[in-house]
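Visitor: Have a look at this one.
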Amino acid sequence: MSATASPAQEPAMAQDAALPAAGSSFYTAMRLLPKDRREAMYAVYAFCRSVDDVADDGGPAPVRAAELDRWRADIDALYAGNPAPRVRDLVVPIRRYGLLREDFQAVIDGMAMDAFEDIVAPDEATLDLYCDRVASAVGRLSVRIFGLPEADGIRLAHHEGRALQLTNILRDIDEDAERGRLYLPREKLAAIGLTDPTPQVAIAHPRIGEVCIAVAREAEAHYRDTWTIIDRNPRKETKAPRLMAAAYRLYLDAVLKRGWAMPRARVKPSKLALLGVALRHGIL
């Protein structure tokens with residue numbers, strides 16, 4: 001969706017445009033849901049993808065700022081009963097599943113953290129806020145669609161969102177550095193003698209593995225809490241988060257096995273391993 005499209009040109013979030021990549025763990029997880037819940041998740045996914053596109057590829061900073069403000073206004077108008085065309089697919093999910101305005105706004109705020117200034121070595125609190133906005137807020141929307149009880153759903157969104165986002169950060173450190181971004185926390189970098197490093201300097205540091213392993217241990221703790229919550233809830237409501245947690249854990253295990261010495265090959269679990277996850281957590 002173009003950041004410069006006029007309101008009259010804006011399409012609604014079409015169903016086929018809302019589909020995640022076939023074969024991805026998210027796509028597989030969503031296919032496990034009943035039709036009404038699946039379509040609700042696709043609408044949320046389309047919103048998140050559109051806002052993410054603004055942050056990553058939306059042009060100069062003033063253009064991105066204006067477009068994110070338009071998204072904020074569209075969400076406010078949606079909850080006021082006057083939805084713009086591009087958010088009309090969210091009307092039914094919001095009414096049916098009680099999705100909260102503040103969670104949509106948090107997603108936009110998270111994308112804004114990437115949009116105006118490249119994140120480089122944030123402090124721990126800022127990194128946690130970023131993870132909450134771009135991952136756990138999406139989780140809070142999702143668990144209501146999945147049908148989890150409110151309290152455990154919020155806890156699950158907290159832990160699984162952070163587990164998945166920290167896994168993404170570790171998997172993508174080289175690609176992020178090429179874009180001028182570094183999500184590894186400032187305090188952990190300072191512990192190996194790096195203060196105000198550029199992304200490229202940081203990821204090439206001979207002790208960067210110590211930082212990555214420390215972040216991985218935090219992710220592992222969030223995975224453990226995720227599974228504690230999943231295991232005490234009905235399997236019907238936890239199939240999708242179960243599959244996502246298991247699939248992303250394969251990526252975390254893969255980067256830990258690969259190690260951090262340069263040059264680092266991009267990791268991808270085998271199709272057989274991903275199939276095993278789908279069979280164990282999604283079908284059986």
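For the structure tokens, the naming scheme is as follows: chains receive sequential letters (A, B, ...) according to their order of presentation, residues are indexed from 1 within each chain, and ligands are indexed from 1 in presentation order.
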Applying 9 Å and only C-alpha atoms, which residues near Ala247 in chain A remain after dropping the ones on its own chain fewer than 5 positions away? List them as a short mmCIF file (atom, residue, chain, number, x, y, z; two decimals) with C-alpha atoms, in the first residue's frame.

Guide:
```
data_model
loop_
_atom_site.label_atom_id
_atom_site.label_comp_id
_atom_site.auth_asym_id
_atom_site.auth_seq_id
_atom_site.Cartn_x
_atom_site.Cartn_y
_atom_site.Cartn_z
CA SER A 25 5.24 -21.02 10.05
CA ARG A 242 2.08 -23.79 20.06
CA PRO A 269 15.63 -25.12 9.77
CA ALA A 273 12.23 -30.34 11.05
CA LEU A 274 9.48 -27.84 10.22
CA VAL A 277 6.74 -29.32 14.21
CA ALA A 278 3.62 -29.02 12.09
#
```

Visitor: List every residue of range 7-255 of chain A that DSSP, applied to the backbone of this structure, assigns to helix (DSSP H, G or I), and report them as an NGL selection string.

Guide: :A and (7-9 or 16-18 or 25-31 or 35-57 or 61-79 or 85-97 or 101-115 or 124-146 or 150-171 or 173-178 or 186-190 or 199-203 or 208-231 or 235-255)

Visitor: I want to know what sits within 12 Å of Glu220 in chain A, based on only C-alpha atoms, with residues of the same chain fewer than 3 positions away left out; could you give that as a list in words?

Guide: His159, Glu160, Arg162, Ala163, Leu164, Gln165, Leu166, Thr167, Ile213, Ala214, Val215, Ala216, Arg217, Tyr223, Arg224, Asp225, Thr226, Trp227, Ala245, Ala246, Tyr248, Arg249, Leu250, Tyr251, Leu252, Asp253 and Leu256 of chain A

Visitor: For a quick check of understanding, using only C-alpha atoms, which of A:Glu178, A:Glu237, A:Glu218, A:Asp36 has the smallest distance to Asp128 in chain A?

Guide: A:Glu218

Visitor: May I have a table of the residues of range 56-134 of chain A lying at most 12 Å from range 188-205 of chain A, giving each one's closest pair of atoms and their distance in Å to one decimal, counting only C-alpha atoms, ordered by chain and ascending residue number, as a tab-separated table?

Guide:
```
residue	atom	partner	partner_atom	distance
A:Asp118	CA	A:Pro199	CA	10.2
A:Ile119	CA	A:Pro199	CA	9.6
A:Val120	CA	A:Pro199	CA	6.8
A:Ala121	CA	A:Asp196	CA	7.4
A:Pro122	CA	A:Asp196	CA	9.9
A:Asp123	CA	A:Lys188	CA	9.0
A:Glu124	CA	A:Lys188	CA	8.7
A:Leu127	CA	A:Lys188	CA	11.9
```

Visitor: For those residues, write all heavy atoms to a file as an mmCIF file, in the first residue's frame.

Guide:
```cif
data_model
loop_
_atom_site.group_PDB
_atom_site.id
_atom_site.type_symbol
_atom_site.label_atom_id
_atom_site.label_comp_id
_atom_site.auth_asym_id
_atom_site.auth_seq_id
_atom_site.Cartn_x
_atom_site.Cartn_y
_atom_site.Cartn_z
ATOM 1 N N ASP A 118 17.202 4.927 12.742
ATOM 2 C CA ASP A 118 17.590 3.532 12.881
ATOM 3 C C ASP A 118 17.945 3.223 14.326
ATOM 4 O O ASP A 118 18.701 3.960 14.978
ATOM 5 C CB ASP A 118 18.799 3.229 11.979
ATOM 6 C CG ASP A 118 18.437 3.232 10.505
ATOM 7 O OD1 ASP A 118 17.321 2.791 10.184
ATOM 8 O OD2 ASP A 118 19.253 3.679 9.689
ATOM 9 N N ILE A 119 17.383 2.143 14.838
ATOM 10 C CA ILE A 119 17.670 1.713 16.204
ATOM 11 C C ILE A 119 19.076 1.140 16.246
ATOM 12 O O ILE A 119 19.402 0.202 15.510
ATOM 13 C CB ILE A 119 16.642 0.682 16.673
ATOM 14 C CG1 ILE A 119 15.252 1.322 16.772
ATOM 15 C CG2 ILE A 119 17.054 0.087 18.018
ATOM 16 C CD1 ILE A 119 14.164 0.357 17.199
ATOM 17 N N VAL A 120 19.915 1.692 17.103
ATOM 18 C CA VAL A 120 21.286 1.215 17.263
ATOM 19 C C VAL A 120 21.586 1.083 18.748
ATOM 20 O O VAL A 120 21.588 2.072 19.485
ATOM 21 C CB VAL A 120 22.304 2.160 16.605
ATOM 22 C CG1 VAL A 120 23.738 1.666 16.842
ATOM 23 C CG2 VAL A 120 22.041 2.281 15.113
ATOM 24 N N ALA A 121 21.784 -0.165 19.192
ATOM 25 C CA ALA A 121 22.146 -0.457 20.576
ATOM 26 C C ALA A 121 21.215 0.221 21.578
ATOM 27 O O ALA A 121 21.645 1.038 22.393
ATOM 28 C CB ALA A 121 23.599 -0.081 20.848
ATOM 29 N N PRO A 122 19.929 -0.096 21.561
ATOM 30 C CA PRO A 122 19.010 0.495 22.541
ATOM 31 C C PRO A 122 19.320 -0.018 23.945
ATOM 32 O O PRO A 122 19.916 -1.094 24.110
ATOM 33 C CB PRO A 122 17.644 -0.024 22.075
ATOM 34 C CG PRO A 122 17.956 -1.348 21.429
ATOM 35 C CD PRO A 122 19.281 -1.140 20.740
ATOM 36 N N ASP A 123 18.937 0.751 24.950
ATOM 37 C CA ASP A 123 19.084 0.218 26.296
ATOM 38 C C ASP A 123 18.040 -0.886 26.510
ATOM 39 O O ASP A 123 17.120 -1.060 25.709
ATOM 40 C CB ASP A 123 18.993 1.317 27.363
ATOM 41 C CG ASP A 123 17.678 2.083 27.329
ATOM 42 O OD1 ASP A 123 16.609 1.441 27.215
ATOM 43 O OD2 ASP A 123 17.709 3.315 27.415
ATOM 44 N N GLU A 124 18.211 -1.628 27.575
ATOM 45 C CA GLU A 124 17.357 -2.803 27.820
ATOM 46 C C GLU A 124 15.875 -2.412 27.879
ATOM 47 O O GLU A 124 15.020 -3.115 27.330
ATOM 48 C CB GLU A 124 17.767 -3.493 29.127
ATOM 49 C CG GLU A 124 19.183 -4.028 29.161
ATOM 50 C CD GLU A 124 19.290 -5.458 28.657
ATOM 51 O OE1 GLU A 124 18.291 -5.977 28.107
ATOM 52 O OE2 GLU A 124 20.374 -6.057 28.813
ATOM 53 N N LEU A 127 14.592 -1.667 24.379
ATOM 54 C CA LEU A 127 14.458 -2.913 23.621
ATOM 55 C C LEU A 127 13.209 -3.668 24.058
ATOM 56 O O LEU A 127 12.456 -4.193 23.217
ATOM 57 C CB LEU A 127 15.693 -3.789 23.800
ATOM 58 C CG LEU A 127 15.636 -5.162 23.130
ATOM 59 C CD1 LEU A 127 15.467 -5.037 21.623
ATOM 60 C CD2 LEU A 127 16.888 -5.982 23.466
#
```

Visitor: Considering only C-alpha atoms, state which residue in the set A:Val107, A:Ile94, A:Ala219, A:Ala265 is at the smallest distance from Glu175 in chain A.

Guide: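 Of A:Val107, A:Ile94, A:Ala219, A:Ala265, the one nearest Glu175 in chain A, counting only C-alpha atoms, is A:Ala265.
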
Visitor: List the spatial neighbours of Ala115 in chain A as a list in words - criterion: any atom at most 9 Å away, only C-alpha atoms, same-chain residues fewer than 6 positions off excluded.

Guide: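 Answer for this query is Asp52, Val54, Ala55, Asp56, Asp57, Gly58, Ala61, Arg64 and Ala65 of chain A.
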
Visitor: How far is it from CA of Lys271 in chain A to CA of Val255 in chain A, in Å with one decimal?

Guide: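 So the answer is 16.4 Å.
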